[in-house]
Amino acid sequence: MALMLPALAFAQWRVGVNGGADYNHTTISKHYMTDYQWDDRWGATLGVMGQYDVNDWLGLRAEFDWTQKNYRLTRQFFSEVDYKYVNNYLQLPVMASFSFGGERLRGFCNAGVYGGYWLTSGREGIDFNSFTGKAYEFSEDLKFNDERDQRLDFGFVGGMGLEYRFGQHWAAQAEVRYYYSTVSTQKDYMHLSDPRYNSTLGLQASLWYCF
């Protein structure tokens with residue numbers, strides 16, 4: 001009990017909001033699709049957060065985030081083909097937060113796991129009509145195929161950044177974060193397996209209210 005008293009005296013809750021940009025990379029086994037090219041794309045992220053600080057250097061954080069995991073598809077031998085995909089996810093990261101430094105300016109690092117759900121998907125860009133011989137622009141929402149699309153997502157998450165405490169109850173953070181998915185976005189529904197994985201680098205700022 002004597003060892004627990006200092007931690008209990010310090011323990012406090014904090015809540016906050018975050019926002020920023022993310023850069024998504026999709027890993028795909030091309031197989032026979034040698035002329036297809038998948039490129040990374042930027043997206044946006046927003047969320048709400050809660051953290052329980054056990055002591056001066058350890059906290060437990062949970063978030064509820066909306067995150068985009070976008071990519072671009074082109075073809076080497078068809079310069080008119082240019083698809084830009086927008087994929088919206090809901091994510092729940094749960095992390096341990098380790099902090100160090102002074103009272104106002106502190107460094108921190110986060111590590112944990114996350115679960116997610118593929119909410120919506122759409123694409124826009126340019127395609128080629130072989131009948132007319134002309135390129136055309138398009139924009140459309142995509143419907144999910146339960147046999148093909150894996151909408152549940154799980155993986156690991158980690159990040160590091162700086163916190164500035166600018167008032168008795170207020171703090172601001174800037175963080176670089178990385179999500180590594182362990183679940184393919186495409187199910188193993190064909191004879192030839194075609195796994196596709198996302199890994200996402202996030203740059204975000206957050207504002208906290210500390211109780």
# chains A, B, ... in the order shown; residues from 1 in each chain; ligands from 1
>>> closest_atom_pairs(of="range 121-182 of chain A", to="range 188-201 of chain A", cutoff="7 Å", atoms="only C-alpha atoms", output="JSON lines")
{"residue": "A:Glu147", "atom": "CA", "partner": "A:Tyr189", "partner_atom": "CA", "distance": 6.7}
{"residue": "A:Arg148", "atom": "CA", "partner": "A:Tyr189", "partner_atom": "CA", "distance": 6.2}
{"residue": "A:Arg177", "atom": "CA", "partner": "A:Leu201", "partner_atom": "CA", "distance": 5.8}
{"residue": "A:Tyr178", "atom": "CA", "partner": "A:Leu201", "partner_atom": "CA", "distance": 4.6}
{"residue": "A:Tyr179", "atom": "CA", "partner": "A:Thr200", "partner_atom": "CA", "distance": 5.0}
{"residue": "A:Tyr180", "atom": "CA", "partner": "A:Ser199", "partner_atom": "CA", "distance": 4.7}
{"residue": "A:Ser181", "atom": "CA", "partner": "A:Asn198", "partner_atom": "CA", "distance": 5.7}
>>> write_last_selection(atoms="N, CA and C atoms", output="PDB file, in the first residue's frame")
ATOM      1  N   GLU A 147     -17.962 -11.354 -50.038  1.00  0.00           N
ATOM      2  CA  GLU A 147     -17.107 -12.500 -50.355  1.00  0.00           C
ATOM      3  C   GLU A 147     -15.658 -12.087 -50.563  1.00  0.00           C
ATOM      4  N   ARG A 148     -15.454 -10.852 -51.022  1.00  0.00           N
ATOM      5  CA  ARG A 148     -14.114 -10.378 -51.374  1.00  0.00           C
ATOM      6  C   ARG A 148     -13.500  -9.445 -50.341  1.00  0.00           C
ATOM      7  N   ARG A 177       2.908   9.065 -35.869  1.00  0.00           N
ATOM      8  CA  ARG A 177       2.354   7.762 -35.499  1.00  0.00           C
ATOM      9  C   ARG A 177       2.376   6.814 -36.695  1.00  0.00           C
ATOM     10  N   TYR A 178       2.511   5.505 -36.397  1.00  0.00           N
ATOM     11  CA  TYR A 178       2.571   4.487 -37.452  1.00  0.00           C
ATOM     12  C   TYR A 178       1.610   3.350 -37.130  1.00  0.00           C
ATOM     13  N   TYR A 179       0.742   3.021 -38.094  1.00  0.00           N
ATOM     14  CA  TYR A 179      -0.182   1.896 -37.981  1.00  0.00           C
ATOM     15  C   TYR A 179       0.277   0.779 -38.915  1.00  0.00           C
ATOM     16  N   TYR A 180       0.409  -0.419 -38.375  1.00  0.00           N
ATOM     17  CA  TYR A 180       0.797  -1.583 -39.179  1.00  0.00           C
ATOM     18  C   TYR A 180      -0.319  -2.613 -39.119  1.00  0.00           C
ATOM     19  N   SER A 181      -1.022  -2.798 -40.239  1.00  0.00           N
ATOM     20  CA  SER A 181      -2.153  -3.723 -40.282  1.00  0.00           C
ATOM     21  C   SER A 181      -1.666  -5.155 -40.477  1.00  0.00           C
TER      22      SER A 181
END
>>> residues_around(residues="range 150-153 of chain A", least_positions_apart="5", cutoff="12 Å", atoms="only C-alpha atoms", output="CSV table (one decimal) with all heavy atoms, in the first residue's frame")
chain,number,residue,atom,x,y,z
A,69,LYS,N,-7.3,5.7,-45.5
A,69,LYS,CA,-6.2,4.9,-46.0
A,69,LYS,C,-6.4,4.9,-47.5
A,69,LYS,O,-6.9,3.9,-48.0
A,69,LYS,CB,-6.3,3.5,-45.3
A,69,LYS,CG,-6.1,3.6,-43.8
A,69,LYS,CD,-6.1,2.2,-43.2
A,69,LYS,CE,-5.9,2.3,-41.7
A,69,LYS,NZ,-5.7,1.0,-41.0
A,87,ASN,N,-10.5,5.6,-48.9
A,87,ASN,CA,-11.0,4.6,-48.0
A,87,ASN,C,-11.1,5.1,-46.6
A,87,ASN,O,-10.1,5.5,-46.0
A,87,ASN,CB,-10.1,3.3,-48.0
A,87,ASN,CG,-10.0,2.7,-49.4
A,87,ASN,OD1,-11.0,2.3,-50.0
A,87,ASN,ND2,-8.8,2.6,-49.9
A,88,ASN,N,-12.3,5.2,-46.1
A,88,ASN,CA,-12.6,5.7,-44.7
A,88,ASN,C,-12.7,4.6,-43.7
A,88,ASN,O,-13.5,3.7,-43.9
A,88,ASN,CB,-13.8,6.6,-44.7
A,88,ASN,CG,-13.7,7.8,-45.6
A,88,ASN,OD1,-12.8,8.6,-45.5
A,88,ASN,ND2,-14.6,7.9,-46.6
A,89,TYR,N,-12.0,4.7,-42.6
A,89,TYR,CA,-11.9,3.7,-41.5
A,89,TYR,C,-12.3,4.4,-40.2
A,89,TYR,O,-12.0,5.5,-40.0
A,89,TYR,CB,-10.6,3.1,-41.4
A,89,TYR,CG,-10.2,2.0,-42.4
A,89,TYR,CD1,-9.8,2.3,-43.7
A,89,TYR,CD2,-10.3,0.7,-42.0
A,89,TYR,CE1,-9.5,1.4,-44.6
A,89,TYR,CE2,-9.9,-0.3,-42.9
A,89,TYR,CZ,-9.6,0.0,-44.2
A,89,TYR,OH,-9.2,-1.0,-45.1
A,90,LEU,N,-13.0,3.6,-39.4
A,90,LEU,CA,-13.1,3.9,-38.0
A,90,LEU,C,-12.2,3.1,-37.2
A,90,LEU,O,-12.1,1.8,-37.4
A,90,LEU,CB,-14.6,3.7,-37.5
A,90,LEU,CG,-15.7,4.6,-38.1
A,90,LEU,CD1,-17.0,4.2,-37.5
A,90,LEU,CD2,-15.4,6.1,-37.8
A,91,GLN,N,-11.4,3.7,-36.3
A,91,GLN,CA,-10.3,2.9,-35.6
A,91,GLN,C,-10.4,3.2,-34.1
A,91,GLN,O,-10.8,4.3,-33.6
A,91,GLN,CB,-8.9,3.3,-36.1
A,91,GLN,CG,-8.7,2.9,-37.5
A,91,GLN,CD,-7.3,3.1,-38.0
A,91,GLN,OE1,-6.8,2.4,-38.8
A,91,GLN,NE2,-6.6,4.0,-37.4
A,92,LEU,N,-10.0,2.2,-33.3
A,92,LEU,CA,-9.9,2.2,-31.9
A,92,LEU,C,-8.6,1.8,-31.4
A,92,LEU,O,-8.3,0.6,-31.1
A,92,LEU,CB,-11.0,1.4,-31.2
A,92,LEU,CG,-11.1,1.4,-29.7
A,92,LEU,CD1,-11.4,2.8,-29.2
A,92,LEU,CD2,-12.1,0.4,-29.2
A,93,PRO,N,-7.6,2.7,-31.3
A,93,PRO,CA,-6.3,2.4,-30.8
A,93,PRO,C,-6.3,2.4,-29.2
A,93,PRO,O,-6.9,3.2,-28.6
A,93,PRO,CB,-5.3,3.5,-31.3
A,93,PRO,CG,-6.2,4.3,-32.2
A,93,PRO,CD,-7.6,4.1,-31.9
A,113,VAL,N,-2.1,-1.6,-29.6
A,113,VAL,CA,-2.8,-2.3,-30.7
A,113,VAL,C,-4.0,-1.5,-31.1
A,113,VAL,O,-4.4,-0.6,-30.4
A,113,VAL,CB,-3.2,-3.7,-30.3
A,113,VAL,CG1,-2.0,-4.6,-30.0
A,113,VAL,CG2,-4.1,-3.7,-29.1
A,114,TYR,N,-4.6,-1.8,-32.2
A,114,TYR,CA,-5.8,-1.1,-32.7
A,114,TYR,C,-6.7,-2.1,-33.4
A,114,TYR,O,-6.3,-3.1,-34.0
A,114,TYR,CB,-5.4,0.1,-33.6
A,114,TYR,CG,-5.1,-0.3,-35.0
A,114,TYR,CD1,-6.1,-0.4,-36.0
A,114,TYR,CD2,-3.8,-0.7,-35.4
A,114,TYR,CE1,-5.8,-0.7,-37.3
A,114,TYR,CE2,-3.5,-1.0,-36.7
A,114,TYR,CZ,-4.5,-1.0,-37.6
A,114,TYR,OH,-4.2,-1.4,-38.9
A,115,GLY,N,-8.0,-1.8,-33.3
A,115,GLY,CA,-9.0,-2.5,-34.1
A,115,GLY,C,-9.7,-1.4,-35.0
A,115,GLY,O,-9.8,-0.3,-34.6
A,116,GLY,N,-10.1,-1.8,-36.2
A,116,GLY,CA,-10.7,-0.9,-37.1
A,116,GLY,C,-11.8,-1.5,-37.9
A,116,GLY,O,-12.0,-2.7,-38.0
A,117,TYR,N,-12.6,-0.6,-38.6
A,117,TYR,CA,-13.7,-1.1,-39.5
A,117,TYR,C,-13.7,-0.2,-40.7
A,117,TYR,O,-13.7,1.0,-40.7
A,117,TYR,CB,-15.0,-1.0,-38.8
A,117,TYR,CG,-16.2,-1.5,-39.6
A,117,TYR,CD1,-16.4,-2.8,-39.8
A,117,TYR,CD2,-17.1,-0.6,-40.1
A,117,TYR,CE1,-17.5,-3.3,-40.5
A,117,TYR,CE2,-18.2,-1.0,-40.8
A,117,TYR,CZ,-18.4,-2.4,-41.0
A,117,TYR,OH,-19.4,-2.8,-41.8
A,118,TRP,N,-13.6,-0.9,-41.9
A,118,TRP,CA,-13.6,-0.2,-43.2
A,118,TRP,C,-15.0,0.3,-43.5
A,118,TRP,O,-16.0,-0.4,-43.8
A,118,TRP,CB,-13.2,-1.2,-44.2
A,118,TRP,CG,-12.9,-0.6,-45.6
A,118,TRP,CD1,-12.9,0.7,-46.0
A,118,TRP,CD2,-12.5,-1.4,-46.7
A,118,TRP,NE1,-12.6,0.8,-47.3
A,118,TRP,CE2,-12.3,-0.4,-47.8
A,118,TRP,CE3,-12.2,-2.7,-47.0
A,118,TRP,CZ2,-11.8,-0.8,-49.0
A,118,TRP,CZ3,-11.8,-3.1,-48.2
A,118,TRP,CH2,-11.6,-2.1,-49.2
A,119,LEU,N,-15.2,1.6,-43.3
A,119,LEU,CA,-16.5,2.3,-43.3
A,119,LEU,C,-17.1,2.5,-44.7
A,119,LEU,O,-18.2,2.0,-45.1
A,119,LEU,CB,-16.5,3.6,-42.6
A,119,LEU,CG,-17.8,4.3,-42.2
A,119,LEU,CD1,-18.6,3.4,-41.3
A,119,LEU,CD2,-17.5,5.6,-41.6
A,120,THR,N,-16.4,3.2,-45.6
A,120,THR,CA,-16.8,3.5,-46.9
A,120,THR,C,-15.6,3.5,-47.9
A,120,THR,O,-14.4,3.6,-47.4
A,120,THR,CB,-17.5,4.9,-47.0
A,120,THR,OG1,-16.6,5.9,-46.7
A,120,THR,CG2,-18.7,4.9,-46.1
A,121,SER,N,-15.9,3.4,-49.2
A,121,SER,CA,-14.8,3.4,-50.2
A,121,SER,C,-15.4,4.1,-51.4
A,121,SER,O,-16.6,3.9,-51.8
A,121,SER,CB,-14.4,2.0,-50.5
A,121,SER,OG,-13.3,2.0,-51.5
A,143,LYS,N,-19.4,-0.2,-53.8
A,143,LYS,CA,-20.1,-1.1,-52.9
A,143,LYS,C,-19.2,-2.3,-52.5
A,143,LYS,O,-18.4,-2.8,-53.3
A,143,LYS,CB,-21.4,-1.7,-53.6
A,143,LYS,CG,-22.4,-0.6,-53.9
A,143,LYS,CD,-23.6,-1.2,-54.6
A,143,LYS,CE,-24.7,-0.2,-54.9
A,143,LYS,NZ,-25.9,-0.8,-55.5
A,144,PHE,N,-19.3,-2.7,-51.2
A,144,PHE,CA,-18.5,-3.7,-50.7
A,144,PHE,C,-19.1,-5.1,-51.1
A,144,PHE,O,-20.3,-5.3,-51.3
A,144,PHE,CB,-18.5,-3.7,-49.2
A,144,PHE,CG,-17.7,-2.5,-48.7
A,144,PHE,CD1,-18.3,-1.4,-48.1
A,144,PHE,CD2,-16.3,-2.5,-48.8
A,144,PHE,CE1,-17.6,-0.3,-47.6
A,144,PHE,CE2,-15.5,-1.4,-48.3
A,144,PHE,CZ,-16.2,-0.4,-47.7
A,145,ASN,N,-18.2,-6.0,-51.4
A,145,ASN,CA,-18.5,-7.4,-51.7
A,145,ASN,C,-18.1,-8.3,-50.5
A,145,ASN,O,-16.9,-8.4,-50.2
A,145,ASN,CB,-17.8,-7.9,-52.9
A,145,ASN,CG,-18.1,-9.3,-53.4
A,145,ASN,OD1,-18.3,-10.1,-52.6
A,145,ASN,ND2,-18.2,-9.4,-54.7
A,179,TYR,N,0.7,3.0,-38.1
A,179,TYR,CA,-0.2,1.9,-38.0
A,179,TYR,C,0.3,0.8,-38.9
A,179,TYR,O,0.5,1.0,-40.1
A,179,TYR,CB,-1.6,2.3,-38.4
A,179,TYR,CG,-2.3,3.3,-37.4
A,179,TYR,CD1,-2.2,4.7,-37.7
A,179,TYR,CD2,-3.0,2.8,-36.4
A,179,TYR,CE1,-2.8,5.6,-36.8
A,179,TYR,CE2,-3.6,3.7,-35.5
A,179,TYR,CZ,-3.5,5.1,-35.7
A,179,TYR,OH,-4.2,6.0,-34.9
A,180,TYR,N,0.4,-0.4,-38.4
A,180,TYR,CA,0.8,-1.6,-39.2
A,180,TYR,C,-0.3,-2.6,-39.1
A,180,TYR,O,-0.6,-3.2,-38.1
A,180,TYR,CB,2.1,-2.2,-38.7
A,180,TYR,CG,2.5,-3.4,-39.4
A,180,TYR,CD1,3.2,-3.3,-40.6
A,180,TYR,CD2,2.3,-4.7,-38.9
A,180,TYR,CE1,3.6,-4.4,-41.3
A,180,TYR,CE2,2.7,-5.8,-39.5
A,180,TYR,CZ,3.4,-5.7,-40.8
A,180,TYR,OH,3.7,-6.8,-41.4
A,181,SER,N,-1.0,-2.8,-40.2
A,181,SER,CA,-2.2,-3.7,-40.3
A,181,SER,C,-1.7,-5.2,-40.5
A,181,SER,O,-0.8,-5.4,-41.3
A,181,SER,CB,-3.1,-3.3,-41.4
A,181,SER,OG,-4.2,-4.3,-41.5
A,182,THR,N,-2.3,-6.1,-39.7
A,182,THR,CA,-2.0,-7.5,-39.9
A,182,THR,C,-3.0,-8.3,-40.6
A,182,THR,O,-3.0,-9.5,-40.7
A,182,THR,CB,-1.8,-8.1,-38.5
A,182,THR,OG1,-3.0,-8.0,-37.7
A,182,THR,CG2,-0.6,-7.5,-37.8
A,183,VAL,N,-4.0,-7.5,-41.1
A,183,VAL,CA,-5.2,-8.2,-41.8
A,183,VAL,C,-5.3,-7.7,-43.3
A,183,VAL,O,-5.2,-6.5,-43.5
A,183,VAL,CB,-6.5,-7.8,-41.1
A,183,VAL,CG1,-7.7,-8.5,-41.8
A,183,VAL,CG2,-6.5,-8.4,-39.7
A,184,SER,N,-5.4,-8.6,-44.2
A,184,SER,CA,-5.5,-8.2,-45.6
A,184,SER,C,-6.9,-7.6,-45.9
A,184,SER,O,-7.9,-8.0,-45.3
A,184,SER,CB,-5.3,-9.5,-46.5
A,184,SER,OG,-5.7,-9.2,-47.8
A,185,THR,N,-6.9,-6.6,-46.7
A,185,THR,CA,-8.2,-5.9,-47.0
A,185,THR,C,-9.0,-6.8,-48.0
A,185,THR,O,-10.2,-6.5,-48.3
A,185,THR,CB,-8.0,-4.5,-47.6
A,185,THR,OG1,-7.2,-4.7,-48.8
A,185,THR,CG2,-7.2,-3.6,-46.7
A,186,GLN,N,-8.3,-7.8,-48.6
A,186,GLN,CA,-9.0,-8.7,-49.5
A,186,GLN,C,-9.0,-10.1,-49.0
A,186,GLN,O,-7.9,-10.6,-48.7
A,186,GLN,CB,-8.4,-8.6,-50.9
A,186,GLN,CG,-9.1,-9.4,-52.0
A,186,GLN,CD,-8.8,-8.9,-53.4
A,186,GLN,OE1,-9.3,-7.8,-53.8
A,186,GLN,NE2,-8.0,-9.6,-54.1
A,187,LYS,N,-10.1,-10.8,-48.9
A,187,LYS,CA,-10.2,-12.1,-48.4
A,187,LYS,C,-9.6,-13.1,-49.4
A,187,LYS,O,-9.4,-12.8,-50.6
A,187,LYS,CB,-11.6,-12.5,-48.1
A,187,LYS,CG,-12.3,-11.6,-47.1
A,187,LYS,CD,-13.8,-12.1,-46.9
A,187,LYS,CE,-14.5,-11.2,-45.8
A,187,LYS,NZ,-15.9,-11.6,-45.7
A,188,ASP,N,-9.2,-14.3,-48.9
A,188,ASP,CA,-8.7,-15.3,-49.7
A,188,ASP,C,-9.8,-16.1,-50.4
A,188,ASP,O,-10.1,-17.2,-50.0
A,188,ASP,CB,-7.8,-16.3,-48.9
A,188,ASP,CG,-7.0,-17.2,-49.7
A,188,ASP,OD1,-6.9,-17.0,-50.9
A,188,ASP,OD2,-6.4,-18.2,-49.1
A,189,TYR,N,-10.4,-15.4,-51.4
A,189,TYR,CA,-11.6,-16.0,-52.0
A,189,TYR,C,-11.4,-16.6,-53.4
A,189,TYR,O,-12.2,-17.2,-54.0
A,189,TYR,CB,-12.7,-14.9,-52.1
A,189,TYR,CG,-12.5,-13.9,-53.2
A,189,TYR,CD1,-13.2,-13.9,-54.4
A,189,TYR,CD2,-11.5,-12.9,-53.0
A,189,TYR,CE1,-13.0,-12.9,-55.4
A,189,TYR,CE2,-11.3,-11.9,-54.0
A,189,TYR,CZ,-12.1,-12.0,-55.2
A,189,TYR,OH,-11.9,-11.0,-56.1
A,195,PRO,N,-3.3,-11.1,-51.3
A,195,PRO,CA,-3.4,-10.3,-50.1
A,195,PRO,C,-3.0,-8.9,-50.3
A,195,PRO,O,-2.1,-8.6,-51.1
A,195,PRO,CB,-2.4,-11.0,-49.1
A,195,PRO,CG,-1.4,-11.7,-50.1
A,195,PRO,CD,-2.2,-12.1,-51.3
A,196,ARG,N,-3.7,-8.0,-49.5
A,196,ARG,CA,-3.4,-6.6,-49.6
A,196,ARG,C,-3.4,-5.9,-48.2
A,196,ARG,O,-4.4,-6.1,-47.5
A,196,ARG,CB,-4.4,-5.9,-50.5
A,196,ARG,CG,-4.5,-6.5,-51.9
A,196,ARG,CD,-5.6,-5.8,-52.8
A,196,ARG,NE,-5.6,-6.5,-54.1
A,196,ARG,CZ,-6.2,-5.9,-55.2
A,196,ARG,NH1,-6.8,-4.8,-55.1
A,196,ARG,NH2,-6.2,-6.6,-56.3
A,197,TYR,N,-2.3,-5.3,-47.9
A,197,TYR,CA,-2.1,-4.8,-46.5
A,197,TYR,C,-1.8,-3.3,-46.5
A,197,TYR,O,-1.1,-2.8,-47.4
A,197,TYR,CB,-1.0,-5.5,-45.8
A,197,TYR,CG,-1.2,-7.0,-45.6
A,197,TYR,CD1,-0.7,-7.9,-46.5
A,197,TYR,CD2,-1.9,-7.5,-44.5
A,197,TYR,CE1,-0.9,-9.3,-46.4
A,197,TYR,CE2,-2.1,-8.8,-44.3
A,197,TYR,CZ,-1.6,-9.7,-45.2
A,197,TYR,OH,-1.8,-11.1,-45.1
A,198,ASN,N,-2.4,-2.6,-45.5
A,198,ASN,CA,-2.1,-1.2,-45.4
A,198,ASN,C,-1.1,-0.9,-44.2
A,198,ASN,O,-1.2,-1.6,-43.2
A,198,ASN,CB,-3.4,-0.4,-45.0
A,198,ASN,CG,-4.4,-0.3,-46.2
A,198,ASN,OD1,-4.0,0.0,-47.3
A,198,ASN,ND2,-5.7,-0.6,-45.9
A,199,SER,N,-0.2,0.0,-44.5
A,199,SER,CA,0.6,0.6,-43.4
A,199,SER,C,0.5,2.1,-43.5
A,199,SER,O,0.7,2.6,-44.6
A,199,SER,CB,2.0,0.1,-43.5
A,199,SER,OG,2.6,0.3,-44.7
>>> closest_residue(among="A:Arg14, A:Arg106, A:His169, A:Lys134", to="Leu60 in chain A", atoms="only C-alpha atoms")
A:Arg14
>>> select_by_dssp(residues="range 8-203 of chain A", states="strand (DSSP E)", output="ChimeraX atom specification")
/A:12-28,36-53,58-68,71-75,78-101,105-129,134-141,152-165,170-181,196-203
>>> residues_around(residues="Gln76 in chain A", least_positions_apart="3", cutoff="8 Å", atoms="only C-alpha atoms", output="number ranges by chain")
A: 35-37, 79
>>> residues_around(residues="Gly159 in chain A", least_positions_apart="3", cutoff="6 Å", atoms="only C-alpha atoms", output="NGL selection string")
:A and (109-110 or 176-177)
>>> atom_distance(atom1="CA of Tyr32 in chain A", atom2="CA of Val86 in chain A")
24.7 Å
>>> atom_distance(atom1="CA of Thr74 in chain A", atom2="CA of Ser130 in chain A")
16.5 Å
>>> residues_around(residues="Phe128 in chain A", least_positions_apart="5", cutoff="12 Å", atoms="only C-alpha atoms", output="PyMOL selection string")
chain A and resi 74-75+77-83+133-138
>>> closest_residue(among="A:Arg72, A:Gln12, A:Gly19, A:Lys84", to="Leu58 in chain A", atoms="only C-alpha atoms")
A:Gln12
